[in-house]
Amino acid sequence: MKLNKPGIADSKILGRDEEQIFQVDNDLFEKALMWKGREKFVERFMEEDFALHRFLSHSRLLNLFRHAEDNDFFVNVVWHQVPRRYFEHTIEETFVTKDLNRIIEKLSGFSNFLSMHDLSSNYLGIFVTDEYDAERKAMNALMVWAVLMGRFQLAKTLWKFCEDPIPMALFVSALARGLAQHSRSTDTSVADRVSAQGREFSTMAIDVLDMSYKESNARTFDLLNQKFPDFNDRTPIKAAYISRNKYFLAHEACQIWLNRLWEGGLEITDSWNSRIPEEFKLVVSALLVFPIYFWIRYPAKNFVKDFSWVEHDKVDSGSINETTRLGYENVGQRDKNDLFHIDSLFDREGVDNTERKLKVLAELEGKNKSTRFRHSLKHAAPEAPASSSGSNLFINRNLPLWKKVYYLWSAPRTKFWIFQLFYWIYLAVFSVVVILPTCNDLGLDVIILIWTLFNVLEIALRTVYQIHHGFPVSLFRRGVEITFITGFVLLVAIFKTYFNFIRPLYTRSLMAFGLLYMYYRMVSVFFPMNSILGPMVYRIKRMITVDFLSFVRLALPFIVANMFVLQSVMYPDLPFSIETWRKGFYRAFFTLFIAFLGEIEYTPRCEAVRLRNETANKCWIGDYENYTCPTLGVMTYLLNIQYWIIMRLILVVLLNALFAATMIKVKEDSEFIYRYQRYRTVLDFASRSALPPPFSFLSYSFDWVIVCCVKTQGLGKQKEKILVGPRTVKLLENHAPAKRSYESYSYWMGLTKEYYRRKEREERAKNIAQDQVSRFKGLADDQKAIRGSLARLSDKLKQLEKASLVYFEEIKHNMSRKGHAKEGTLNQLSRLSPYPGTGIKRFLIPDHKVSWDTELSDYKPPSYCRDTYDFPVAERHYVDPEFTSRPRKDPAFWCWNATAVVGGKKIDRRTVAPPTDTEAGQVQYALDHRGLPRNIVGRTGLADRGNLCMYGPNLCVQVVLTRFRDDALRFLVAKTSTYPNLPSLFPSSKTLGFRNRFHAAWQLVESLFALPDGPVKDLAPPEDEEHMHKLMGAVIFPGSPDDGAKFLAVQQVYAGYLDHVDNTDNAWMETVVWHVDISTGEGLPRVADENFTWKERSHIKRMRPFEDHIIQHVTISKVVDD
């Protein structure tokens, strides 16, 4: 369980325990609850008939709140609902004994939901009622804990084993709804998640109700009529209404239940003419009585005698022996020190101490309970007398006329239409009273006022009755309504009494407002019962309370601002008075409906009084002597136009759009809300008196007489219940509910499990198509993957082919090192990988694809540019920046195939490669698609500058010095044998900036032979080959600087492209090779650079093909010259 592997536990332990050796103890079950995500274990333990009432006491519940894993939801959402804060968020024992019920009532509306006294008494085996009740109460407490801890998945698991699944699901839905409302101000995401869980529990209750309704109508309606003591003696319909669960009340079974209550058990026949409306038949039958015989039917099944005995379900009494005991190992020291900590009946504190704790605990909860320690039922339910005939239902099928009239007038449907008929009569008389000219007869006024007072009295008495019987009533709404109507009656009476002091118009206006309210009141009282008008009323209410109020808030600043602005500009000289306010408000507000175009037109009346210059002898702002004439001008027109545009074209259009959006938005939801509010209307008329105002006082007077007779012992209490109050309410409320049997519990628990099995089947059926689609997608993905693998394999074969060609080329060139000058230009070294100083692999290119003229469609070489600060300090000034760091076209900087001076430095970007026979003049290298120079030989497999300083050609000068010694031609070459790491076998030097090949060759020779303080230090650098020849002689033979040139032969043997490992597609090495032959060895100074020495050709072990070719060329030329 700690590893959360329920499959292993079920298959390896529980599944093999055929003899039921393994028993789940309290500690193990407590861990399953505390550890998050162990719902599978809890379900498995509950399937093993784990007794919750033997596990859960109020101390255990407190321990669950204290030590549960992952209590962030409880701390962040629920903890703030506690009436007081505990020190350092420590949960005291009073949390479960007092505050927990307050939180539940605040969130769900269910008061005193849990009893810690009953919970602990049942835990000790002292059952308050019976064992089933004890198990149910323990389950209720555990469900509350799961929801408040945010463990909704655990709550769903426990819900499978609830004896009352529908009321419990409605309760959890209400609790989640309250949690969502209180957490929305702090975290909307948590609120949305909790709200979704609440809707899911509501859907579960609806689904189980639907299953029961389709299987057994009788059980369903029995459930809807059943009061549940655990849920404040509320029926499921009442619980759904209080928790605002409109979807549950919209279910067909609930609506049929409401229809039966609405009809009052009556049926209207279709005799005579079926086109006659049923409402007409009902009203006429109630008023004329005799149509009852042919228009009203009284089904025998709906009129059972009130005193008929109904056999109660029998419940086995007894107790379950205690098999497990909570030890102290899982209880902290703080838990043991709790004032009312309960561990076991036979703890070390003794029976008396435990009895004292239970008594004090009961007193804390405000209950007068006595506790006796016995392992049997404390109270036995009284058994009903048995019936000898096997049936306890007696019906008088021939009802007397007075009962038929009584039942007809007690039906809510009859009351609805009778009340509405008399209300229309009341409104008609009231309308006549208001519309009569002059001062009408005082008698009509008195009739209206008395009738109105009877309406107020009926509302007040009905409110008291509904509150007494636990009906859903909005006290605030009723209080406002009673206060408003009473105040209206008193004001009219005062105005009529002191008519000599109060203008009659004010009285008439007051009565007009009262009549208007009475007409509007009819919309909220009678229209919600209509299937067409009911949803429309909700939509109108939503448009007024949400959209229109938002519109008013938005439009109010514009209305107020333009009320003052337009008045001040158009009538600047109007005296400040009530008329000023009236005109400003009139213009600003009524622009919503009409445009006051007459005010912005020139009229002859006003033009006749226009002010002239000679009359302007006083402070006058307007244009006319008559201040009632509007002053017109550009500013007047601009202000009016902007106001009309804002109000008429923007805000009014916006209001219409809001109304249309609301109509679409609440179109589906309005039907559910109509059915939800229909419940309130039905119960409201079911609890009304049979007679409407002004005759309702007769009905209430009869009730008062009965009550007085009961008080004086004239009648019994039972007859009072029969005679007092509407019959529909008496049928609705069963004050002596029958005890529910184990079979009833088993039915609903089995239905819940069947619901889960059906859900699993639906999920599997739903997943069949998804599984098939996923399998087809898997096959398509596999096919795609195979195709991709084949494509990759094909690419790898192509790469292998390219690599093999490259390797074959390398082998061929390694086997044959000899060749001519063109061998040094095939980019052999320029294609070696990895690139020097990096781990970059070049793009593999075979020999026949090196040339740019050969197409290579998939050629995508990597790029590399060495950072400027990685070059020596002397070279950094000449390093080109990355090409992307400057504009692509900058002729002042990128002087391709030319020379330029940039930033004080002279740069030569021309190539030294000689033209071919088909070319004339200077060789021009091409540019690629990015505008960079393109390697003049071909591809190298790497783009950008690489390790070289400049894009394009990078020139270096090499000097091949030869001399005869011991009858052998010797070459000045590098000493070391690490040939690949040297820039050249011969002395070489880079030419930075402007490339003077003569100067570079002379400096190279000077660095090899010149003494530190030799006379050549003051010589000017050479500008041509002859001058360089002379200076080289002076350097090599410092003893005879003027004649030294006679012992030298200087010749340029090569100028062009150099195959080098640093070459890239956009930067390459070029070289100029000078051959300096020393004809005498006398007076030759020692070589100053220790890295070079004189070697014969046969002693040079390793060299590049290009260098091998140069040595062969020099040797052959020397032999020919000799």
# chains A, B, ... in the order shown; residues from 1 in each chain; ligands from 1
>>> select_by_dssp(residues="stretch 135-321 of chain A", states="strand (DSSP E)", output="ChimeraX atom specification")
/A:267-268,296-297
>>> residues_around(residues="A:Glu135", least_positions_apart="2", cutoff="8 Å", atoms="only C-alpha atoms", output="list in words")
Ala51, Leu52, His53, Glu131, Tyr132, Asp133, Lys137, Ala138 and Met139 of chain A
>>> closest_residue(among="A:Ala780, A:Met570, A:Ile482, A:Leu797", to="A:Leu638", atoms="only C-alpha atoms")
A:Met570
>>> select_by_dssp(residues="stretch 421-596 of chain A", states="helix (DSSP H, G or I)", output="ChimeraX atom specification")
/A:421-435,442-468,475-497,504-529,533-570,578-590
>>> write_last_selection(atoms="C-alpha atoms", output="CSV table (one decimal), in the first residue's frame")
chain,number,residue,atom,x,y,z
A,421,LEU,CA,-58.5,35.2,-11.1
A,422,PHE,CA,-59.1,37.3,-8.0
A,423,TYR,CA,-55.8,39.1,-8.5
A,424,TRP,CA,-56.9,40.1,-12.0
A,425,ILE,CA,-60.2,41.4,-10.4
A,426,TYR,CA,-58.1,43.2,-7.8
A,427,LEU,CA,-56.0,44.8,-10.6
A,428,ALA,CA,-59.1,45.7,-12.6
A,429,VAL,CA,-60.7,47.5,-9.6
A,430,PHE,CA,-57.4,49.2,-8.7
A,431,SER,CA,-57.0,50.4,-12.4
A,432,VAL,CA,-60.5,51.8,-12.4
A,433,VAL,CA,-59.8,53.6,-9.1
A,434,VAL,CA,-56.6,55.1,-10.5
A,435,ILE,CA,-58.0,56.2,-13.8
A,442,LEU,CA,-63.6,57.5,-1.1
A,443,GLY,CA,-65.4,54.1,-0.8
A,444,LEU,CA,-63.5,52.6,-3.8
A,445,ASP,CA,-60.2,53.8,-2.2
A,446,VAL,CA,-61.1,52.1,1.0
A,447,ILE,CA,-62.0,48.8,-0.8
A,448,ILE,CA,-58.6,48.8,-2.6
A,449,LEU,CA,-56.7,49.6,0.6
A,450,ILE,CA,-58.5,46.9,2.6
A,451,TRP,CA,-58.0,44.4,-0.2
A,452,THR,CA,-54.3,45.3,-0.4
A,453,LEU,CA,-54.0,44.9,3.4
A,454,PHE,CA,-55.5,41.4,3.1
A,455,ASN,CA,-52.9,40.6,0.4
A,456,VAL,CA,-50.2,41.7,2.9
A,457,LEU,CA,-51.8,39.7,5.7
A,458,GLU,CA,-51.9,36.6,3.4
A,459,ILE,CA,-48.2,37.0,2.5
A,460,ALA,CA,-47.2,37.4,6.1
A,461,LEU,CA,-49.2,34.5,7.4
A,462,ARG,CA,-48.0,32.3,4.5
A,463,THR,CA,-44.4,33.2,5.3
A,464,VAL,CA,-44.8,32.3,8.9
A,465,TYR,CA,-46.4,29.0,8.0
A,466,GLN,CA,-43.7,28.2,5.4
A,467,ILE,CA,-40.9,28.9,7.8
A,468,HIS,CA,-42.5,26.8,10.5
A,475,LEU,CA,-37.0,36.1,4.1
A,476,PHE,CA,-35.3,39.2,2.7
A,477,ARG,CA,-37.5,39.2,-0.4
A,478,ARG,CA,-40.7,38.6,1.6
A,479,GLY,CA,-39.7,41.3,4.1
A,480,VAL,CA,-39.1,43.9,1.4
A,481,GLU,CA,-42.4,43.0,-0.2
A,482,ILE,CA,-44.4,43.2,3.0
A,483,THR,CA,-42.7,46.5,4.0
A,484,PHE,CA,-43.2,48.1,0.6
A,485,ILE,CA,-47.0,47.2,0.3
A,486,THR,CA,-47.6,48.1,4.0
A,487,GLY,CA,-45.9,51.4,3.5
A,488,PHE,CA,-47.9,52.1,0.3
A,489,VAL,CA,-51.2,51.5,2.2
A,490,LEU,CA,-50.1,53.7,5.1
A,491,LEU,CA,-49.0,56.6,2.8
A,492,VAL,CA,-52.2,56.5,0.7
A,493,ALA,CA,-54.3,56.5,3.9
A,494,ILE,CA,-52.3,59.5,5.2
A,495,PHE,CA,-52.6,61.4,1.9
A,496,LYS,CA,-56.3,60.7,1.8
A,497,THR,CA,-56.8,61.8,5.4
A,504,PRO,CA,-54.4,65.3,-4.8
A,505,LEU,CA,-52.0,64.8,-7.7
A,506,TYR,CA,-49.4,63.4,-5.3
A,507,THR,CA,-51.9,60.9,-4.0
A,508,ARG,CA,-52.9,59.9,-7.6
A,509,SER,CA,-49.2,59.5,-8.5
A,510,LEU,CA,-48.6,57.3,-5.4
A,511,MET,CA,-51.5,55.1,-6.3
A,512,ALA,CA,-50.2,54.9,-9.9
A,513,PHE,CA,-46.9,53.7,-8.6
A,514,GLY,CA,-48.6,51.1,-6.4
A,515,LEU,CA,-50.7,49.9,-9.4
A,516,LEU,CA,-47.5,49.6,-11.5
A,517,TYR,CA,-45.9,47.5,-8.8
A,518,MET,CA,-48.9,45.2,-8.5
A,519,TYR,CA,-48.9,44.6,-12.2
A,520,TYR,CA,-45.1,43.9,-12.2
A,521,ARG,CA,-45.6,41.6,-9.2
A,522,MET,CA,-47.9,39.4,-11.1
A,523,VAL,CA,-45.1,38.6,-13.6
A,524,SER,CA,-42.9,37.1,-10.8
A,525,VAL,CA,-45.8,35.3,-9.0
A,526,PHE,CA,-47.9,33.7,-11.8
A,527,PHE,CA,-45.8,33.7,-15.0
A,528,PRO,CA,-43.0,31.3,-13.8
A,529,MET,CA,-45.5,28.4,-13.9
A,533,LEU,CA,-43.4,32.5,-20.2
A,534,GLY,CA,-41.3,31.0,-17.4
A,535,PRO,CA,-38.0,30.7,-19.4
A,536,MET,CA,-38.7,34.2,-20.9
A,537,VAL,CA,-39.1,35.7,-17.5
A,538,TYR,CA,-35.7,34.3,-16.5
A,539,ARG,CA,-34.1,35.7,-19.6
A,540,ILE,CA,-35.6,39.1,-19.0
A,541,LYS,CA,-34.4,39.0,-15.4
A,542,ARG,CA,-30.9,38.1,-16.6
A,543,MET,CA,-30.9,40.9,-19.2
A,544,ILE,CA,-32.1,43.5,-16.6
A,545,THR,CA,-29.9,42.4,-13.6
A,546,VAL,CA,-26.8,41.8,-15.6
A,547,ASP,CA,-26.7,43.4,-19.0
A,548,PHE,CA,-28.7,46.5,-18.4
A,549,LEU,CA,-27.0,47.3,-15.1
A,550,SER,CA,-23.6,46.9,-16.8
A,551,PHE,CA,-24.9,49.2,-19.6
A,552,VAL,CA,-26.0,51.8,-17.0
A,553,ARG,CA,-22.6,51.7,-15.3
A,554,LEU,CA,-20.9,52.2,-18.6
A,555,ALA,CA,-23.3,54.9,-19.9
A,556,LEU,CA,-23.6,56.9,-16.6
A,557,PRO,CA,-20.3,58.9,-17.0
A,558,PHE,CA,-21.3,59.9,-20.5
A,559,ILE,CA,-24.8,60.9,-19.5
A,560,VAL,CA,-23.7,63.0,-16.5
A,561,ALA,CA,-20.8,64.6,-18.3
A,562,ASN,CA,-22.9,65.7,-21.4
A,563,MET,CA,-25.8,66.8,-19.2
A,564,PHE,CA,-23.6,69.6,-17.8
A,565,VAL,CA,-21.5,70.2,-21.0
A,566,LEU,CA,-24.4,70.6,-23.4
A,567,GLN,CA,-26.4,72.7,-21.0
A,568,SER,CA,-23.5,75.1,-20.4
A,569,VAL,CA,-22.7,75.5,-24.1
A,570,MET,CA,-26.2,75.7,-25.5
A,578,ILE,CA,-34.7,73.6,-11.2
A,579,GLU,CA,-35.5,74.2,-14.8
A,580,THR,CA,-31.7,74.1,-15.6
A,581,TRP,CA,-31.4,70.6,-14.0
A,582,ARG,CA,-34.6,69.4,-15.7
A,583,LYS,CA,-33.6,70.5,-19.2
A,584,GLY,CA,-30.1,69.1,-18.8
A,585,PHE,CA,-31.3,65.7,-17.5
A,586,TYR,CA,-34.1,65.6,-20.1
A,587,ARG,CA,-31.7,66.1,-23.0
A,588,ALA,CA,-29.0,63.8,-21.7
A,589,PHE,CA,-31.2,60.9,-20.7
A,590,PHE,CA,-33.8,60.9,-23.5
>>> closest_residue(among="A:Gly125, A:Asp72, A:Tyr293, A:Phe201", to="A:Leu148", atoms="only C-alpha atoms")
A:Asp72
>>> residues_around(residues="A:Ile242", least_positions_apart="2", cutoff="10 Å", atoms="only C-alpha atoms", output="PDB file with N, CA and C atoms, in the first residue's frame")
ATOM      1  N   SER A 108     -22.899  24.409   2.733  1.00  0.00           N
ATOM      2  CA  SER A 108     -23.943  23.616   2.077  1.00  0.00           C
ATOM      3  C   SER A 108     -25.351  23.961   2.505  1.00  0.00           C
ATOM      4  N   GLY A 109     -25.522  24.609   3.660  1.00  0.00           N
ATOM      5  CA  GLY A 109     -26.855  24.907   4.145  1.00  0.00           C
ATOM      6  C   GLY A 109     -27.442  23.821   5.032  1.00  0.00           C
ATOM      7  N   PHE A 110     -26.702  22.741   5.315  1.00  0.00           N
ATOM      8  CA  PHE A 110     -27.172  21.665   6.186  1.00  0.00           C
ATOM      9  C   PHE A 110     -26.621  21.913   7.590  1.00  0.00           C
ATOM     10  N   ALA A 174     -23.653  20.172  -3.069  1.00  0.00           N
ATOM     11  CA  ALA A 174     -23.857  21.451  -2.381  1.00  0.00           C
ATOM     12  C   ALA A 174     -22.595  21.890  -1.653  1.00  0.00           C
ATOM     13  N   ARG A 234     -34.820  16.516   5.251  1.00  0.00           N
ATOM     14  CA  ARG A 234     -35.179  17.063   3.937  1.00  0.00           C
ATOM     15  C   ARG A 234     -35.356  15.936   2.933  1.00  0.00           C
ATOM     16  N   PRO A 236     -35.063  14.580  -1.019  1.00  0.00           N
ATOM     17  CA  PRO A 236     -34.059  14.873  -2.058  1.00  0.00           C
ATOM     18  C   PRO A 236     -34.404  16.083  -2.911  1.00  0.00           C
ATOM     19  N   ILE A 237     -35.705  16.276  -3.187  1.00  0.00           N
ATOM     20  CA  ILE A 237     -36.098  17.430  -3.998  1.00  0.00           C
ATOM     21  C   ILE A 237     -35.837  18.726  -3.238  1.00  0.00           C
ATOM     22  N   LYS A 238     -36.167  18.740  -1.968  1.00  0.00           N
ATOM     23  CA  LYS A 238     -35.927  19.933  -1.161  1.00  0.00           C
ATOM     24  C   LYS A 238     -34.436  20.202  -1.011  1.00  0.00           C
ATOM     25  N   ALA A 239     -33.659  19.151  -0.817  1.00  0.00           N
ATOM     26  CA  ALA A 239     -32.201  19.317  -0.718  1.00  0.00           C
ATOM     27  C   ALA A 239     -31.628  19.856  -2.020  1.00  0.00           C
ATOM     28  N   ALA A 240     -32.142  19.366  -3.156  1.00  0.00           N
ATOM     29  CA  ALA A 240     -31.662  19.856  -4.454  1.00  0.00           C
ATOM     30  C   ALA A 240     -32.030  21.321  -4.648  1.00  0.00           C
ATOM     31  N   ARG A 244     -29.511  24.585  -4.873  1.00  0.00           N
ATOM     32  CA  ARG A 244     -29.595  25.186  -6.208  1.00  0.00           C
ATOM     33  C   ARG A 244     -29.146  24.231  -7.302  1.00  0.00           C
ATOM     34  N   ASN A 245     -29.530  22.995  -7.160  1.00  0.00           N
ATOM     35  CA  ASN A 245     -29.188  21.978  -8.154  1.00  0.00           C
ATOM     36  C   ASN A 245     -30.332  21.907  -9.168  1.00  0.00           C
ATOM     37  N   LYS A 246     -30.284  22.786 -10.144  1.00  0.00           N
ATOM     38  CA  LYS A 246     -31.394  22.886 -11.095  1.00  0.00           C
ATOM     39  C   LYS A 246     -31.472  21.678 -12.014  1.00  0.00           C
ATOM     40  N   PHE A 471     -40.219  25.275   4.631  1.00  0.00           N
ATOM     41  CA  PHE A 471     -40.279  25.511   3.202  1.00  0.00           C
ATOM     42  C   PHE A 471     -39.168  26.484   2.798  1.00  0.00           C
ATOM     43  N   PRO A 472     -38.663  26.367   1.567  1.00  0.00           N
ATOM     44  CA  PRO A 472     -37.641  27.319   1.103  1.00  0.00           C
ATOM     45  C   PRO A 472     -38.245  28.701   0.886  1.00  0.00           C
ATOM     46  N   VAL A 473     -37.861  29.652   1.711  1.00  0.00           N
ATOM     47  CA  VAL A 473     -38.415  31.002   1.666  1.00  0.00           C
ATOM     48  C   VAL A 473     -37.268  31.996   1.720  1.00  0.00           C
TER      49      VAL A 473
END
>>> closest_residue(among="A:Thr1071, A:Ala968, A:Glu1006, A:Lys281", to="A:Ser1098", atoms="only C-alpha atoms")
A:Ala968
>>> residues_around(residues="A:Tyr1057", least_positions_apart="3", cutoff="7 Å", atoms="only C-alpha atoms", output="list of chain:residue names")
A:Thr825, A:Ala913, A:Met1069, A:Glu1070, A:Thr1071
>>> write_last_selection(atoms="N, CA, C and O atoms", output="short mmCIF file (atom, residue, chain, number, x, y, z; two decimals), in the first residue's frame")
data_model
loop_
_atom_site.label_atom_id
_atom_site.label_comp_id
_atom_site.auth_asym_id
_atom_site.auth_seq_id
_atom_site.Cartn_x
_atom_site.Cartn_y
_atom_site.Cartn_z
N THR A 825 45.75 21.17 -55.76
CA THR A 825 44.57 22.02 -55.91
C THR A 825 43.29 21.22 -55.95
O THR A 825 42.27 21.71 -56.38
N ALA A 913 45.96 33.93 -58.03
CA ALA A 913 45.94 32.82 -59.00
C ALA A 913 46.09 33.37 -60.40
O ALA A 913 45.44 34.37 -60.78
N MET A 1069 43.40 29.57 -48.47
CA MET A 1069 44.80 29.99 -48.47
C MET A 1069 45.30 30.06 -49.90
O MET A 1069 45.01 29.20 -50.73
N GLU A 1070 46.07 31.12 -50.19
CA GLU A 1070 46.83 31.24 -51.44
C GLU A 1070 48.29 31.49 -51.08
O GLU A 1070 48.58 32.04 -50.02
N THR A 1071 49.17 31.09 -51.94
CA THR A 1071 50.60 31.20 -51.61
C THR A 1071 51.41 31.65 -52.83
O THR A 1071 51.02 31.40 -53.99
#
>>> closest_residue(among="A:Tyr571, A:Phe971, A:Tyr213, A:Phe576", to="A:Thr1093", atoms="only C-alpha atoms")
A:Phe971
>>> atom_distance(atom1="atom CA of A:Met211", atom2="atom CA of A:Cys254")
13.4 Å
>>> atom_distance(atom1="atom CA of A:Lys12", atom2="atom CA of A:Thr157")
22.5 Å
>>> atom_distance(atom1="atom CA of A:Val666", atom2="atom CA of A:Ser195")
18.9 Å
>>> residues_around(residues="A:Gly941", least_positions_apart="4", cutoff="8 Å", atoms="only C-alpha atoms", output="MDAnalysis selection string")
chainID A and resid 831 842:845 861:862 1064:1065
>>> write_last_selection(atoms="N, CA and C atoms", output="mmCIF file, in the first residue's frame")
data_model
loop_
_atom_site.group_PDB
_atom_site.id
_atom_site.type_symbol
_atom_site.label_atom_id
_atom_site.label_comp_id
_atom_site.auth_asym_id
_atom_site.auth_seq_id
_atom_site.Cartn_x
_atom_site.Cartn_y
_atom_site.Cartn_z
ATOM 1 N N ARG A 831 39.394 18.987 -47.219
ATOM 2 C CA ARG A 831 38.186 18.218 -46.921
ATOM 3 C C ARG A 831 38.388 17.274 -45.738
ATOM 4 N N ARG A 842 33.216 17.889 -41.390
ATOM 5 C CA ARG A 842 32.877 18.479 -42.681
ATOM 6 C C ARG A 842 31.842 17.621 -43.411
ATOM 7 N N PHE A 843 31.141 18.257 -44.320
ATOM 8 C CA PHE A 843 30.226 17.528 -45.199
ATOM 9 C C PHE A 843 31.059 16.666 -46.150
ATOM 10 N N LEU A 844 30.735 15.352 -46.226
ATOM 11 C CA LEU A 844 31.515 14.436 -47.054
ATOM 12 C C LEU A 844 31.284 14.721 -48.524
ATOM 13 N N ILE A 845 32.401 14.881 -49.260
ATOM 14 C CA ILE A 845 32.315 15.220 -50.687
ATOM 15 C C ILE A 845 33.296 14.308 -51.437
ATOM 16 N N PRO A 861 26.595 22.290 -45.921
ATOM 17 C CA PRO A 861 27.752 22.192 -45.027
ATOM 18 C C PRO A 861 27.516 22.946 -43.727
ATOM 19 N N PRO A 862 28.160 22.535 -42.635
ATOM 20 C CA PRO A 862 28.098 23.313 -41.386
ATOM 21 C C PRO A 862 28.903 24.600 -41.512
ATOM 22 N N THR A 1064 37.964 26.802 -46.290
ATOM 23 C CA THR A 1064 36.516 26.608 -46.249
ATOM 24 C C THR A 1064 35.932 27.005 -47.598
ATOM 25 N N ASP A 1065 34.608 26.934 -47.691
ATOM 26 C CA ASP A 1065 33.953 27.330 -48.940
ATOM 27 C C ASP A 1065 34.064 28.820 -49.206
#
